[in-house]
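Participant: Mind having a look at this structure? Questions to follow.
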Amino acid sequence: MLYLDFAASSPLIPSVKEILIKTLDEEFANPSSAHRLGRDSSEKIEQVRETIADSLGAYKSEIIFTSGASESNNLAIKGYVLANKHKGKHIITSLIEHKCILAICHFLEKEYGYEITYISPKKNGIIDAQDVIDAMREDTVLVSIMHVNNELGSIQPIELIGKACFDKNIKFHVDAAQSYKKIAIDVDNLNIDMLSISAHKIYGPKGIGALYIRDLRETRIQPVIHGAGQEYGLRGGTLATPLILGFGAAVADDTIERNLDNIKKLNSFFRSKVTENGGIINSPNSDYIPHILNIRFPSFDASQFVANSDFICSQGSACSSMNIEISYVLREIGLNFDEGNQSIRVSLAHEITQNQLQEFIKNLKKGA
Ligand SMILES: Cc1ncc(COP(=O)(O)O)c(C=O)c1O
């Protein structure tokens, strides 16, 4: 079996596994408790908060722990806009955001009467910053654009969008689930006001993530989970000490950064082999992270392959009851139904070798 689905979720690296096992055993006290054990856990949690803040150029007081990027996105978007209705009810996002962002926007449209402008990507899966700027209005309260698209690996022009949001005094949220640690992020340089990250995309445990909120204490945010005052009153519930410490170990580890060049080489190798063998690259030719590559082969049955192969990768399409729909991301970049069904997303990591990719291509060809 060869795992090629690291963008969906990654295994644990040894340093994370070690700390998880140790802390599941030892860190059982409630970190909100006033006794010594509680205070010890709380101190360790605060160190992780600082590690995450440092990795983003933020302050420790601007980081909230959540269960992952989906929850962070919910807290950022619903939390901000519902607490700031008086500022306007217009939001700008894109048509290729992660499903959770689209679901949050549909909810706000339906239940609260927000007006959402959904920006279409260009054919290469990249949003034109000017389209976002042109959509900005007096009543725009929030812009939410992902950093890297999870199906294509395309990098969005968040620096340009951030600058325009800053100039127009509009809050800017970025879903960085796929870019964190793969592209250096400085929230000040990029004018990002809120940023979502997730541990299980960076060799950390599942069920833990974080949201950065600029000037958190001065920003009006409505909690999504009401609780007993944890996380500045924004996210109730006892903090998951082992998961947070595991997250901290994943953030502190430099495996991803150290292997960037290796993965670039793997990506180029794979691209050339795909095209040599009659395949087509759906991902863009520039402005992409090398970790994600979306490809297709004429007459390839991606759903059969994904369901039955020992090569573990993912297909953009979703099966809902009797209907097979192609991925909305692939549809938005202009692929038709057949092309969508011939497409798979491969996500790479340093564990993968060129020989393994060569073998993978052979198997893909068999399915074509
Ligand atoms: C871009 C993006 N946003 C959000 C998520 C959701 O992350 P989580 O599983 O941590 O909720 C994912 C995961 O696939 C993602 O790729």
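Residues in the structure tokens are named by chain (A, B, ... in the order shown) and by number from 1 within that chain; ligands are numbered from 1 in the order shown.
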Mind listing the strand (DSSP E) residues of segment 228-299 of chain A, per DSSP on the backbone, as number ranges by chain?
Facilitator: A: 280-281, 292-296
Participant: Give the helix (DSSP H, G or I) residues of segment 160-338 of chain A, as assigned by DSSP on the backbone, as a VMD selection string.
Facilitator: chain A and resid 160 to 168 199 to 201 216 to 218 231 to 233 241 to 252 255 to 258 260 to 276 302 to 308 328 to 332 337 to 338
Participant: Considering only C-alpha atoms, can you say which of A:Leu243, A:Ile202, A:Ile361, A:Ile145 comes closest to Ser272 of chain A?
Facilitator: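 Once distances to Ser272 of chain A are computed over only C-alpha atoms, the minimum belongs to A:Ile361.
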Participant: Do you have the atom CA of Leu142 of chain A-atom CA of Lys78 of chain A distance handy?
Facilitator: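 Value for the atom CA of Leu142 of chain A-atom CA of Lys78 of chain A distance: 10.3 Å.
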Participant: For Phe300 of chain A, work out the shell of residues within 10 Å, counting only C-alpha atoms and skipping chain neighbours fewer than 5 positions away, then give it as a list of chain:residue names.
Facilitator: A:Gly279, A:Phe305, A:Asp338, A:Glu339, A:Asn341, A:Gln342, A:Ser343, A:Ile344, A:Leu364, A:Lys365, A:Lys366, A:Gly367, A:Ala368
Participant: May I have the residues within 7 Å of ligand 1, computed using only C-alpha atoms and all ligand atoms, as number ranges by chain?
Facilitator: A: 7-8, 67-71, 97-98, 100, 146, 148-150, 175-178, 198-200, 207, 209
Participant: Can you work out which one of A:Ala58, A:Leu234, A:Ala103, A:Leu20 has the shortest atom-to-atom distance to Gly248 of chain A, counting only C-alpha atoms?
Facilitator: A:Leu20
Participant: My list of candidates is A:Ile280, A:Val143, A:Asn30, A:Pro121. Which is closest to Glu43 of chain A when distances are computed with only C-alpha atoms?
Facilitator: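 For Glu43 of chain A, the nearest of the candidates is A:Asn30.
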